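Next comes upload_32.pdb, a file with PDB, C-alpha atoms.
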```
ATOM      1  CA  MET X  61      15.216 -14.287   0.520
ATOM      2  CA  ALA X  62      13.593 -11.003   1.615
ATOM      3  CA  PHE X  63      14.080  -7.855  -0.434
ATOM      4  CA  GLN X  64      14.139  -4.958   1.971
ATOM      5  CA  GLY X  65      11.640  -2.188   1.308
ATOM      6  CA  THR X  66       9.715  -3.804  -1.574
ATOM      7  CA  LEU X  67       6.062  -4.778  -1.475
ATOM      8  CA  THR X  68       4.856  -8.100  -0.181
ATOM      9  CA  PHE X  69       1.930  -9.874  -1.818
ATOM     10  CA  ASN X  70      -0.377  -9.067   1.103
ATOM     11  CA  GLN X  71       0.693  -5.409   1.171
ATOM     12  CA  ALA X  72      -0.141  -5.085  -2.538
ATOM     13  CA  VAL X  73      -3.572  -6.670  -2.051
ATOM     14  CA  ARG X  74      -4.359  -4.489   0.979
ATOM     15  CA  GLY X  75      -3.189  -1.365  -0.838
ATOM     16  CA  ILE X  76      -5.262  -2.096  -3.944
ATOM     17  CA  THR X  77      -8.446  -2.947  -2.037
ATOM     18  CA  GLU X  78      -8.115   0.199   0.077
ATOM     19  CA  PHE X  79      -7.622   2.244  -3.094
ATOM     20  CA  ILE X  80     -10.708   0.685  -4.717
ATOM     21  CA  GLU X  81     -12.787   1.597  -1.658
ATOM     22  CA  VAL X  82     -11.550   5.212  -1.695
ATOM     23  CA  ALA X  83     -12.163   5.412  -5.449
ATOM     24  CA  ILE X  84     -15.738   4.070  -5.212
ATOM     25  CA  HIS X  85     -16.721   6.829  -2.752
ATOM     26  CA  THR X  86     -15.162   9.480  -4.992
ATOM     27  CA  ILE X  87     -16.814   8.064  -8.140
ATOM     28  CA  LEU X  88     -20.249   8.318  -6.513
ATOM     29  CA  TYR X  89     -19.483  11.926  -5.585
ATOM     30  CA  ILE X  90     -18.095  13.159  -8.904
ATOM     31  CA  ARG X  91     -20.860  11.438 -10.907
ATOM     32  CA  GLN X  92     -23.490  12.911  -8.563
ATOM     33  CA  ILE X  93     -25.207   9.603  -7.835
ATOM     34  CA  TYR X  94     -26.202  10.996  -4.436
ATOM     35  CA  PRO X  95     -26.469  14.588  -3.183
ATOM     36  CA  ALA X  96     -23.180  16.378  -2.559
ATOM     37  CA  ASP X  97     -24.062  17.003   1.099
ATOM     38  CA  LEU X  98     -24.041  13.224   1.664
ATOM     39  CA  PHE X  99     -20.234  13.363   1.297
ATOM     40  CA  VAL X 100     -17.425  14.906   3.272
ATOM     41  CA  ARG X 101     -14.088  15.986   1.830
ATOM     42  CA  ARG X 102     -11.085  14.083   3.173
ATOM     43  CA  LYS X 103      -7.409  13.767   2.345
ATOM     44  CA  LYS X 104      -5.900  10.477   1.194
ATOM     45  CA  TYR X 105      -2.707   9.805  -0.748
ATOM     46  CA  GLU X 106      -1.871  13.491  -0.183
ATOM     47  CA  THR X 107      -4.807  14.599  -2.343
ATOM     48  CA  PRO X 108      -8.471  15.527  -1.708
ATOM     49  CA  VAL X 109     -10.977  12.666  -1.886
ATOM     50  CA  TYR X 110     -14.642  12.324  -0.930
ATOM     51  CA  GLN X 111     -16.229   9.929   1.525
ATOM     52  CA  SER X 112     -19.888   9.142   2.082
ATOM     53  CA  ARG X 113     -21.348  10.035   5.485
ATOM     54  CA  HIS X 114     -24.266   7.617   5.103
ATOM     55  CA  PRO X 115     -23.761   4.567   7.392
ATOM     56  CA  GLY X 116     -25.734   2.210   5.159
ATOM     57  CA  LEU X 117     -23.824   3.171   2.038
ATOM     58  CA  ASN X 118     -20.478   2.955   3.852
ATOM     59  CA  GLU X 119     -21.334  -0.488   5.211
ATOM     60  CA  TYR X 120     -22.339  -1.726   1.780
ATOM     61  CA  ILE X 121     -19.147  -0.494   0.103
ATOM     62  CA  ALA X 122     -16.914  -1.800   2.908
ATOM     63  CA  GLY X 123     -18.598  -5.206   2.753
ATOM     64  CA  ALA X 124     -18.214  -5.444  -1.009
ATOM     65  CA  VAL X 125     -14.543  -4.423  -0.830
ATOM     66  CA  LYS X 126     -13.905  -7.015   1.902
ATOM     67  CA  ALA X 127     -15.357  -9.704  -0.364
ATOM     68  CA  ILE X 128     -13.237  -8.422  -3.267
ATOM     69  CA  SER X 129     -10.132  -8.616  -1.065
ATOM     70  CA  GLU X 130     -10.869 -12.273  -0.271
ATOM     71  CA  GLU X 131     -11.000 -13.088  -3.968
ATOM     72  CA  LEU X 132      -7.878 -11.027  -4.731
ATOM     73  CA  VAL X 133      -5.859 -13.010  -2.198
ATOM     74  CA  LEU X 134      -6.875 -16.183  -4.033
ATOM     75  CA  GLY X 135      -5.883 -14.686  -7.398
ATOM     76  CA  ASN X 136      -9.423 -15.041  -8.742
ATOM     77  CA  VAL X 137     -10.173 -11.438  -9.733
ATOM     78  CA  GLU X 138      -9.986 -10.200 -13.313
ATOM     79  CA  LYS X 139     -12.012  -6.991 -13.013
ATOM     80  CA  VAL X 140     -13.966  -4.964 -10.470
ATOM     81  CA  VAL X 141     -16.577  -2.807 -12.173
ATOM     82  CA  VAL X 142     -18.530   0.062 -10.639
ATOM     83  CA  VAL X 143     -21.611   0.309 -12.839
ATOM     84  CA  ILE X 144     -23.643   3.519 -12.932
ATOM     85  CA  LYS X 145     -27.150   2.496 -14.006
ATOM     86  CA  ASP X 146     -30.533   4.085 -14.523
ATOM     87  CA  LYS X 147     -33.877   3.167 -12.964
ATOM     88  CA  ASP X 148     -34.409   0.546 -15.687
ATOM     89  CA  GLU X 149     -31.141  -1.242 -14.805
ATOM     90  CA  VAL X 150     -29.458   0.014 -17.992
ATOM     91  CA  ALA X 151     -25.694   0.488 -17.562
ATOM     92  CA  LEU X 152     -24.730   4.077 -18.384
ATOM     93  CA  GLU X 153     -21.075   4.041 -17.310
ATOM     94  CA  ARG X 154     -18.629   1.395 -16.169
ATOM     95  CA  PHE X 155     -15.610   2.289 -14.019
ATOM     96  CA  ILE X 156     -13.340  -0.678 -14.686
ATOM     97  CA  PHE X 157     -10.548  -1.713 -12.306
ATOM     98  CA  SER X 158      -8.560  -4.370 -14.193
ATOM     99  CA  ILE X 159      -6.251  -6.781 -12.360
ATOM    100  CA  GLN X 160      -3.561  -8.334 -14.517
ATOM    101  CA  SER X 161      -0.398 -10.419 -14.185
ATOM    102  CA  MET X 162      -0.888 -11.314 -10.554
ATOM    103  CA  ILE X 163       2.151 -13.415  -9.684
ATOM    104  CA  ALA X 164       1.715 -16.794  -8.008
ATOM    105  CA  ILE X 165       3.119 -16.861  -4.486
ATOM    106  CA  GLU X 166       2.890 -19.672  -1.951
ATOM    107  CA  SER X 167       0.711 -18.822   1.041
ATOM    108  CA  PHE X 168       3.646 -18.989   3.458
ATOM    109  CA  ASN X 169       5.503 -16.338   1.403
ATOM    110  CA  LYS X 170       2.739 -13.750   1.093
ATOM    111  CA  ASP X 171       4.250 -11.556   3.803
ATOM    112  CA  THR X 172       7.724 -11.725   2.254
ATOM    113  CA  SER X 173       8.987  -8.829   0.119
ATOM    114  CA  VAL X 174       8.853  -9.626  -3.601
ATOM    115  CA  GLU X 175      11.965  -9.249  -5.736
ATOM    116  CA  GLY X 176      11.467  -6.573  -8.387
ATOM    117  CA  ALA X 177       8.336  -5.148  -6.777
ATOM    118  CA  MET X 178       8.002  -1.407  -6.191
ATOM    119  CA  ALA X 179       8.976   0.122  -2.868
ATOM    120  CA  THR X 180       6.255   0.148  -0.231
ATOM    121  CA  THR X 181       6.536   3.939  -0.009
ATOM    122  CA  ALA X 182       5.876   4.386  -3.755
ATOM    123  CA  LEU X 183       2.434   2.761  -3.887
ATOM    124  CA  GLY X 184       0.653   5.718  -2.298
ATOM    125  CA  GLN X 185       2.253   8.084  -4.812
ATOM    126  CA  TYR X 186       0.827   6.080  -7.701
ATOM    127  CA  PHE X 187      -2.608   6.009  -6.092
ATOM    128  CA  ARG X 188      -2.391   9.790  -5.684
ATOM    129  CA  SER X 189      -1.938  10.046  -9.457
ATOM    130  CA  PHE X 190      -4.951   7.764  -9.981
ATOM    131  CA  MET X 191      -7.135   9.937  -7.738
ATOM    132  CA  VAL X 192      -6.014  13.207  -9.320
ATOM    133  CA  LYS X 193      -6.874  11.903 -12.803
ATOM    134  CA  LEU X 194     -10.134  10.386 -11.574
ATOM    135  CA  SER X 195     -11.192  13.718 -10.084
ATOM    136  CA  MET X 196     -10.757  15.322 -13.521
ATOM    137  CA  ILE X 197     -12.549  12.614 -15.511
ATOM    138  CA  GLU X 198     -15.771  14.645 -15.758
ATOM    139  CA  SER X 199     -14.123  16.848 -18.379
ATOM    140  CA  GLN X 200     -13.866  13.782 -20.654
ATOM    141  CA  LEU X 201     -17.347  12.387 -19.998
ATOM    142  CA  THR X 202     -20.748  13.515 -21.199
ATOM    143  CA  GLU X 203     -23.303  14.306 -18.506
ATOM    144  CA  LEU X 204     -25.339  11.430 -17.135
ATOM    145  CA  PRO X 205     -29.010  11.400 -18.188
ATOM    146  CA  ARG X 206     -31.080  12.867 -15.337
ATOM    147  CA  ASP X 207     -34.545  11.699 -16.382
ATOM    148  CA  GLY X 208     -34.677   9.126 -13.594
ATOM    149  CA  GLU X 209     -32.977   7.970 -10.425
ATOM    150  CA  ASN X 210     -29.483   6.734 -11.210
ATOM    151  CA  THR X 211     -27.911   4.203  -8.849
ATOM    152  CA  PHE X 212     -24.888   1.917  -8.934
ATOM    153  CA  ALA X 213     -23.805  -1.702  -8.653
ATOM    154  CA  ILE X 214     -20.463  -3.350  -7.927
ATOM    155  CA  VAL X 215     -19.689  -6.189 -10.316
ATOM    156  CA  LEU X 216     -16.932  -8.722  -9.720
ATOM    157  CA  GLU X 217     -15.579 -10.398 -12.866
ATOM    158  CA  LEU X 218     -13.554 -13.501 -12.052
ATOM    159  CA  ARG X 219     -11.054 -15.452 -14.077
ATOM    160  CA  GLU X 220     -12.357 -18.262 -16.258
ATOM    161  CA  GLY X 221     -13.582 -21.238 -14.274
ATOM    162  CA  LYS X 222     -13.636 -19.358 -10.957
ATOM    163  CA  ALA X 223     -16.610 -18.673  -8.692
ATOM    164  CA  PRO X 224     -16.949 -16.448  -5.592
ATOM    165  CA  SER X 225     -15.580 -18.300  -2.585
ATOM    166  CA  ALA X 226     -16.905 -16.115   0.289
ATOM    167  CA  THR X 227     -18.897 -18.043   2.876
ATOM    168  CA  PRO X 228     -22.373 -16.673   3.694
ATOM    169  CA  ASP X 229     -22.305 -16.154   7.449
ATOM    170  CA  LYS X 230     -23.213 -13.193   9.627
ATOM    171  CA  ASP X 231     -19.669 -11.805   9.644
ATOM    172  CA  ASN X 232     -19.297 -11.826   5.858
ATOM    173  CA  PRO X 233     -20.994  -9.798   3.091
ATOM    174  CA  PRO X 234     -23.964 -11.418   1.323
ATOM    175  CA  PRO X 235     -23.025 -13.887  -1.437
ATOM    176  CA  TRP X 236     -22.456 -12.436  -4.884
ATOM    177  CA  LEU X 237     -25.393 -12.740  -7.280
ATOM    178  CA  PRO X 238     -25.051 -13.524 -11.010
ATOM    179  CA  ALA X 239     -24.468 -10.187 -12.738
ATOM    180  CA  ILE X 240     -26.782  -8.738 -15.365
ATOM    181  CA  THR X 241     -24.891  -9.247 -18.631
ATOM    182  CA  GLN X 242     -25.368  -5.656 -19.754
ATOM    183  CA  HIS X 243     -23.629  -4.488 -16.558
ATOM    184  CA  THR X 244     -20.472  -6.474 -17.305
ATOM    185  CA  THR X 245     -17.601  -5.547 -19.606
ATOM    186  CA  SER X 246     -18.438  -8.497 -21.859
ATOM    187  CA  GLY X 247     -21.928  -7.043 -22.289
ATOM    188  CA  ALA X 248     -20.605  -3.723 -23.594
ATOM    189  CA  SER X 249     -21.384  -2.686 -27.161
ATOM    190  CA  GLU X 250     -18.635  -1.968 -29.677
ATOM    191  CA  LYS X 251     -20.046   1.561 -29.821
ATOM    192  CA  ALA X 252     -19.165   2.210 -26.166
ATOM    193  CA  GLU X 253     -16.469   4.841 -25.607
ATOM    194  CA  LEU X 254     -13.486   3.996 -23.368
ATOM    195  CA  HIS X 255     -11.421   6.564 -21.454
ATOM    196  CA  MET X 256      -8.188   5.422 -19.813
ATOM    197  CA  VAL X 257      -7.489   6.911 -16.384
ATOM    198  CA  ARG X 258      -4.231   5.337 -15.166
ATOM    199  CA  ALA X 259      -2.264   2.084 -14.957
ATOM    200  CA  VAL X 260       0.469   0.837 -12.658
ATOM    201  CA  ASP X 261       2.626  -2.279 -12.401
ATOM    202  CA  THR X 262       3.457  -2.852  -8.746
ATOM    203  CA  GLY X 263       5.679  -5.834  -9.481
ATOM    204  CA  VAL X 264       3.044  -8.008  -7.832
ATOM    205  CA  VAL X 265      -0.154  -6.916  -9.579
ATOM    206  CA  ASN X 266      -0.832  -4.803 -12.671
ATOM    207  CA  LEU X 267      -3.731  -2.460 -11.945
ATOM    208  CA  SER X 268      -5.474  -0.188 -14.429
ATOM    209  CA  LEU X 269      -8.541   2.021 -14.231
ATOM    210  CA  ALA X 270     -10.684   3.026 -17.201
ATOM    211  CA  VAL X 271     -14.148   4.543 -17.662
ATOM    212  CA  GLN X 272     -16.518   3.287 -20.315
ATOM    213  CA  GLU X 273     -19.523   5.267 -21.493
ATOM    214  CA  SER X 274     -22.073   2.729 -22.695
ATOM    215  CA  ALA X 275     -23.688   2.871 -26.111
ATOM    216  CA  ASP X 276     -27.039   3.034 -24.317
ATOM    217  CA  LYS X 277     -26.009   6.199 -22.484
ATOM    218  CA  LEU X 278     -24.837   7.852 -25.688
ATOM    219  CA  ARG X 279     -28.079   6.853 -27.434
ATOM    220  CA  ILE X 280     -30.245   8.170 -24.576
ATOM    221  CA  LEU X 281     -28.397  11.496 -24.583
ATOM    222  CA  ALA X 282     -28.715  11.789 -28.372
ATOM    223  CA  ASN X 283     -32.457  11.163 -28.122
ATOM    224  CA  LEU X 284     -32.827  13.735 -25.324
ATOM    225  CA  GLU X 285     -30.893  16.304 -27.373
ATOM    226  CA  SER X 286     -33.081  15.631 -30.389
ATOM    227  CA  GLU X 287     -36.258  15.997 -28.300
ATOM    228  CA  LEU X 288     -34.977  19.228 -26.765
ATOM    229  CA  LYS X 289     -34.213  20.701 -30.188
ATOM    230  CA  GLY X 290     -37.732  19.772 -31.295
ATOM    231  CA  GLU X 291     -39.215  21.523 -28.263
ATOM    232  CA  GLN X 292     -37.134  24.623 -28.924
ATOM    233  CA  ILE X 293     -38.363  24.739 -32.544
ATOM    234  CA  ARG X 294     -41.980  24.360 -31.425
ATOM    235  CA  ALA X 295     -41.490  27.038 -28.765
ATOM    236  CA  GLN X 296     -40.078  29.464 -31.316
ATOM    237  CA  ASP X 297     -43.033  28.793 -33.617
ATOM    238  CA  HIS X 298     -45.447  29.733 -30.815
ATOM    239  CA  SER X 299     -43.277  32.533 -29.392
ATOM    240  CA  ILE X 300     -43.017  30.917 -25.947
ATOM    241  CA  ARG X 301     -40.146  29.816 -23.785
ATOM    242  CA  PRO X 302     -39.022  26.234 -24.368
ATOM    243  CA  ASP X 303     -39.871  23.656 -21.736
ATOM    244  CA  ASN X 304     -36.769  22.953 -19.636
ATOM    245  CA  THR X 305     -37.756  19.448 -18.516
ATOM    246  CA  HIS X 306     -34.670  17.883 -20.058
ATOM    247  CA  GLU X 307     -32.359  20.401 -18.405
ATOM    248  CA  LYS X 308     -33.453  19.778 -14.842
ATOM    249  CA  ARG X 309     -31.033  18.045 -12.547
ATOM    250  CA  VAL X 310     -33.074  15.620 -10.535
ATOM    251  CA  GLY X 311     -32.135  15.320  -6.859
ATOM    252  CA  PHE X 312     -31.914  11.976  -5.134
ATOM    253  CA  GLU X 313     -33.357  12.708  -1.720
ATOM    254  CA  GLY X 314     -35.245   9.402  -1.594
ATOM    255  CA  SER X 315     -34.107   6.113  -0.138
ATOM    256  CA  LEU X 316     -30.657   4.938  -1.177
ATOM    257  CA  THR X 317     -30.616   1.952  -3.478
ATOM    258  CA  PHE X 318     -27.695  -0.435  -3.312
ATOM    259  CA  GLU X 319     -26.970  -3.548  -5.288
ATOM    260  CA  LYS X 320     -24.099  -5.975  -5.307
ATOM    261  CA  THR X 321     -24.277  -8.261  -8.298
TER
END
```

Once more with this new file: its structure as structure tokens, please.
Amino acid sequence: MAFQGTLTFNQAVRGITEFIEVAIHTILYIRQIYPADLFVRRKKYETPVYQSRHPGLNEYIAGAVKAISEELVLGNVEKVVVVIKDKDEVALERFIFSIQSMIAIESFNKDTSVEGAMATTALGQYFRSFMVKLSMIESQLTELPRDGENTFAIVLELREGKAPSATPDKDNPPPWLPAITQHTTSGASEKAELHMVRAVDTGVVNLSLAVQESADKLRILANLESELKGEQIRAQDHSIRPDNTHEKRVGFEGSLTFEKT
């Protein structure tokens, strides 16, 4: 029996994967992983968002999201994690998209409206709320260390016993590589700080977004602050201006570095 106006399984999957793609672009902008002039302001879900103008970066993100979509359809995905990392591959922040309570639907019913699911018109309104809160997340986060070139990785965490199913041909993204443990949510320290952004139950999939500041990031920042205070004390002793090395915001004009783990 069809339930007029409610989401189908495939509509929910398409909506979530599109939202993840929009969110990834905006995350890279608000966390200043690449220069601001690499992005253009757009409107999506009736709210401002940011999209990369770099073809290579866009292709990488689109390919990763396509592979994520293939796993979502199979019900394999537990989490999608956008990891902000430093030049030494140390995870500084994890933007965690959690997929929960995905209902089991036969393949022949995946285009049939689901009883109890939200209306198709409501999904965009929820994603608007996600994007508004995401755009304000900087006020809750400490600044990223700028002593090196920060990049990012997209990590796919699958349900127990599952493995990526994408086939490696020319029309598909490259196969997923085993993730570095420290990049994953299971590799996070108990001292990491978690900030909830938003959650929604579509009636087909429960989706939540949270940001985790790693213990390594907090330790690096504490060390930088301690070093800066020491420099200020030494500068006062010698009546000179303190060195501002740790206050510089390093630009990332060099080659873009992408990784899909």

Atom pair CA of Arg74 in chain X + CA of Ser129 in chain X, distance 7.4 Å

Which residue gives the smallest distance to Val140 in chain X among X:Lys193, X:Leu267, X:Leu117, X:Asn210, with only C-alpha atoms counted?
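Smallest distance to Val140 in chain X is found for X:Leu267.
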
Translate the PyMOL selection byres ((chain X and resi 156-165) around 8), as applied to the file shown, into an explicit residue set as a ChimeraX atom specification.
/X:69,80,135,137-142,154-155,166-167,169-170,264-272

Taking (-11.1, -20.7, -14.5) as a centre in this file's frame and 12 Å as the limit, can you find every polymer residue with an atom that close, using only C-alpha atoms, and give them as an MDAnalysis selection string?
chainID X and resid 135:138 217:224

Any idea what the distance is between CA of Phe187 in chain X and CA of Val215 in chain X?
21.4 Å

At a cut-off of 12 Å, using all atoms listed in the file, what residues contact Ala96 in chain X? Leave out same-chain residues fewer than 3 positions from it and give the result as an MDAnalysis selection string.
chainID X and resid 85:93 99:101 110:114 311:313

Write the selection just made, keeping C-alpha atoms, as a PDB file, keeping the file's coordinate frame?
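Dumped everything to result_14.pdb:
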```pdb
ATOM      1  CA  HIS X  85     -16.721   6.829  -2.752  1.00  0.00           C
ATOM      2  CA  THR X  86     -15.162   9.480  -4.992  1.00  0.00           C
ATOM      3  CA  ILE X  87     -16.814   8.064  -8.140  1.00  0.00           C
ATOM      4  CA  LEU X  88     -20.249   8.318  -6.513  1.00  0.00           C
ATOM      5  CA  TYR X  89     -19.483  11.926  -5.585  1.00  0.00           C
ATOM      6  CA  ILE X  90     -18.095  13.159  -8.904  1.00  0.00           C
ATOM      7  CA  ARG X  91     -20.860  11.438 -10.907  1.00  0.00           C
ATOM      8  CA  GLN X  92     -23.490  12.911  -8.563  1.00  0.00           C
ATOM      9  CA  ILE X  93     -25.207   9.603  -7.835  1.00  0.00           C
ATOM     10  CA  PHE X  99     -20.234  13.363   1.297  1.00  0.00           C
ATOM     11  CA  VAL X 100     -17.425  14.906   3.272  1.00  0.00           C
ATOM     12  CA  ARG X 101     -14.088  15.986   1.830  1.00  0.00           C
ATOM     13  CA  TYR X 110     -14.642  12.324  -0.930  1.00  0.00           C
ATOM     14  CA  GLN X 111     -16.229   9.929   1.525  1.00  0.00           C
ATOM     15  CA  SER X 112     -19.888   9.142   2.082  1.00  0.00           C
ATOM     16  CA  ARG X 113     -21.348  10.035   5.485  1.00  0.00           C
ATOM     17  CA  HIS X 114     -24.266   7.617   5.103  1.00  0.00           C
ATOM     18  CA  GLY X 311     -32.135  15.320  -6.859  1.00  0.00           C
ATOM     19  CA  PHE X 312     -31.914  11.976  -5.134  1.00  0.00           C
ATOM     20  CA  GLU X 313     -33.357  12.708  -1.720  1.00  0.00           C
TER      21      GLU X 313
END
```

Quick check, in Å to one decimal: how far apart do CA of Glu131 in chain X and CA of His255 in chain X lie?
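Separation between CA of Glu131 in chain X and CA of His255 in chain X: 26.3 Å.
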
Just the residues within 10 Å of range 190-192 of chain X, please, counting only C-alpha atoms, with nothing from its chain fewer than 6 positions along; format it as a count of residues only.
18

So, with all atoms listed in the file as the atoms that count, which of X:Thr241, X:Thr66, X:Gln200, X:Ser274 lies closest to Met256 in chain X?
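Closest residue, counting all atoms listed in the file: X:Gln200.
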
Quick one: apply the PyMOL selection byres ((chain X and resi 280) around 12) to the file and drop the selected residues here as a list in words.
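Output from the PyMOL selection byres ((chain X and resi 280) around 12), applied to this file: Asp146, Val150, Ala151, Leu152, Thr202, Glu203, Leu204, Pro205, Arg206, Asp207, Gly208, Glu273, Ser274, Ala275, Asp276, Lys277, Leu278, Arg279, Leu281, Ala282, Asn283, Leu284, Glu285, Ser286, Glu287 and His306 of chain X.
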
Test item: residues at most 9 Å from Ala72 in chain X, only C-alpha atoms, excluding those fewer than 3 positions along its chain, as number ranges by chain
X: 67-69, 75-77, 180, 183, 262, 264-265

Write out, as a compact mmCIF listing (two decimals), keeping the file's coordinate frame, the residues just selected, with C-alpha atoms.
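Below is the file again_1.txt, written as the result:
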```txt
# COMPACT_ATOMS: atom_id res chain seq x y z
CA LEU X 67 6.06 -4.78 -1.48
CA THR X 68 4.86 -8.10 -0.18
CA PHE X 69 1.93 -9.87 -1.82
CA GLY X 75 -3.19 -1.36 -0.84
CA ILE X 76 -5.26 -2.10 -3.94
CA THR X 77 -8.45 -2.95 -2.04
CA THR X 180 6.26 0.15 -0.23
CA LEU X 183 2.43 2.76 -3.89
CA THR X 262 3.46 -2.85 -8.75
CA VAL X 264 3.04 -8.01 -7.83
CA VAL X 265 -0.15 -6.92 -9.58
```

Please determine, counting all atoms listed in the file, which residue among X:Ala122, X:Glu209, X:Gly263, X:Glu78 has the shortest atom-to-atom distance to Glu175 in chain X.
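Of X:Ala122, X:Glu209, X:Gly263, X:Glu78, the one nearest Glu175 in chain X, counting all atoms listed in the file, is X:Gly263.
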
From the set X:Glu153, X:Ser189, X:Leu132, X:Phe168, which residue has the shortest atom-to-atom contact distance to Leu216 in chain X, counting all atoms listed in the file?
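Of X:Glu153, X:Ser189, X:Leu132, X:Phe168, the one nearest Leu216 in chain X is X:Leu132, counting all atoms listed in the file.
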
Complete range 102-117 of chain X at the level of N, CA, C and O atoms, written as a PDB file, keeping the file's coordinate frame.
```pdb
ATOM      1  N   ARG X 102     -12.191  14.605   2.371  1.00  0.00           N
ATOM      2  CA  ARG X 102     -11.085  14.083   3.173  1.00  0.00           C
ATOM      3  C   ARG X 102      -9.779  14.225   2.391  1.00  0.00           C
ATOM      4  O   ARG X 102      -9.771  14.669   1.250  1.00  0.00           O
ATOM      5  N   LYS X 103      -8.706  13.793   3.028  1.00  0.00           N
ATOM      6  CA  LYS X 103      -7.409  13.767   2.345  1.00  0.00           C
ATOM      7  C   LYS X 103      -6.830  12.361   2.428  1.00  0.00           C
ATOM      8  O   LYS X 103      -6.757  11.765   3.498  1.00  0.00           O
ATOM      9  N   LYS X 104      -6.486  11.810   1.279  1.00  0.00           N
ATOM     10  CA  LYS X 104      -5.900  10.477   1.194  1.00  0.00           C
ATOM     11  C   LYS X 104      -4.901  10.493   0.056  1.00  0.00           C
ATOM     12  O   LYS X 104      -5.136  11.104  -0.985  1.00  0.00           O
ATOM     13  N   TYR X 105      -3.779   9.815   0.250  1.00  0.00           N
ATOM     14  CA  TYR X 105      -2.707   9.805  -0.748  1.00  0.00           C
ATOM     15  C   TYR X 105      -2.246  11.232  -1.056  1.00  0.00           C
ATOM     16  O   TYR X 105      -1.888  11.555  -2.200  1.00  0.00           O
ATOM     17  N   GLU X 106      -2.309  12.097  -0.050  1.00  0.00           N
ATOM     18  CA  GLU X 106      -1.871  13.491  -0.183  1.00  0.00           C
ATOM     19  C   GLU X 106      -2.667  14.261  -1.235  1.00  0.00           C
ATOM     20  O   GLU X 106      -2.138  15.157  -1.897  1.00  0.00           O
ATOM     21  N   THR X 107      -3.943  13.886  -1.401  1.00  0.00           N
ATOM     22  CA  THR X 107      -4.807  14.599  -2.343  1.00  0.00           C
ATOM     23  C   THR X 107      -6.242  14.550  -1.834  1.00  0.00           C
ATOM     24  O   THR X 107      -6.611  13.626  -1.106  1.00  0.00           O
ATOM     25  N   PRO X 108      -7.077  15.536  -2.178  1.00  0.00           N
ATOM     26  CA  PRO X 108      -8.471  15.527  -1.708  1.00  0.00           C
ATOM     27  C   PRO X 108      -9.262  14.357  -2.301  1.00  0.00           C
ATOM     28  O   PRO X 108      -9.142  14.048  -3.492  1.00  0.00           O
ATOM     29  N   VAL X 109     -10.057  13.712  -1.459  1.00  0.00           N
ATOM     30  CA  VAL X 109     -10.977  12.666  -1.886  1.00  0.00           C
ATOM     31  C   VAL X 109     -12.310  12.923  -1.191  1.00  0.00           C
ATOM     32  O   VAL X 109     -12.416  13.816  -0.347  1.00  0.00           O
ATOM     33  N   TYR X 110     -13.327  12.136  -1.542  1.00  0.00           N
ATOM     34  CA  TYR X 110     -14.642  12.324  -0.930  1.00  0.00           C
ATOM     35  C   TYR X 110     -15.124  11.004  -0.335  1.00  0.00           C
ATOM     36  O   TYR X 110     -14.918   9.932  -0.927  1.00  0.00           O
ATOM     37  N   GLN X 111     -15.736  11.119   0.840  1.00  0.00           N
ATOM     38  CA  GLN X 111     -16.229   9.929   1.525  1.00  0.00           C
ATOM     39  C   GLN X 111     -17.687  10.129   1.918  1.00  0.00           C
ATOM     40  O   GLN X 111     -18.073  11.190   2.417  1.00  0.00           O
ATOM     41  N   SER X 112     -18.483   9.096   1.687  1.00  0.00           N
ATOM     42  CA  SER X 112     -19.888   9.142   2.082  1.00  0.00           C
ATOM     43  C   SER X 112     -20.008   9.234   3.602  1.00  0.00           C
ATOM     44  O   SER X 112     -19.211   8.660   4.342  1.00  0.00           O
ATOM     45  N   ARG X 113     -21.053   9.946   4.059  1.00  0.00           N
ATOM     46  CA  ARG X 113     -21.348  10.035   5.485  1.00  0.00           C
ATOM     47  C   ARG X 113     -22.556   9.164   5.850  1.00  0.00           C
ATOM     48  O   ARG X 113     -23.011   9.187   6.982  1.00  0.00           O
ATOM     49  N   HIS X 114     -23.082   8.431   4.854  1.00  0.00           N
ATOM     50  CA  HIS X 114     -24.266   7.617   5.103  1.00  0.00           C
ATOM     51  C   HIS X 114     -23.843   6.230   5.604  1.00  0.00           C
ATOM     52  O   HIS X 114     -23.168   5.488   4.887  1.00  0.00           O
ATOM     53  N   PRO X 115     -24.222   5.848   6.825  1.00  0.00           N
ATOM     54  CA  PRO X 115     -23.761   4.567   7.392  1.00  0.00           C
ATOM     55  C   PRO X 115     -24.114   3.359   6.530  1.00  0.00           C
ATOM     56  O   PRO X 115     -23.299   2.446   6.362  1.00  0.00           O
ATOM     57  N   GLY X 116     -25.327   3.349   5.976  1.00  0.00           N
ATOM     58  CA  GLY X 116     -25.734   2.210   5.159  1.00  0.00           C
ATOM     59  C   GLY X 116     -24.904   2.069   3.902  1.00  0.00           C
ATOM     60  O   GLY X 116     -24.498   0.963   3.524  1.00  0.00           O
ATOM     61  N   LEU X 117     -24.643   3.186   3.244  1.00  0.00           N
ATOM     62  CA  LEU X 117     -23.824   3.171   2.038  1.00  0.00           C
ATOM     63  C   LEU X 117     -22.391   2.761   2.364  1.00  0.00           C
ATOM     64  O   LEU X 117     -21.787   1.942   1.670  1.00  0.00           O
TER      65      LEU X 117
END
```
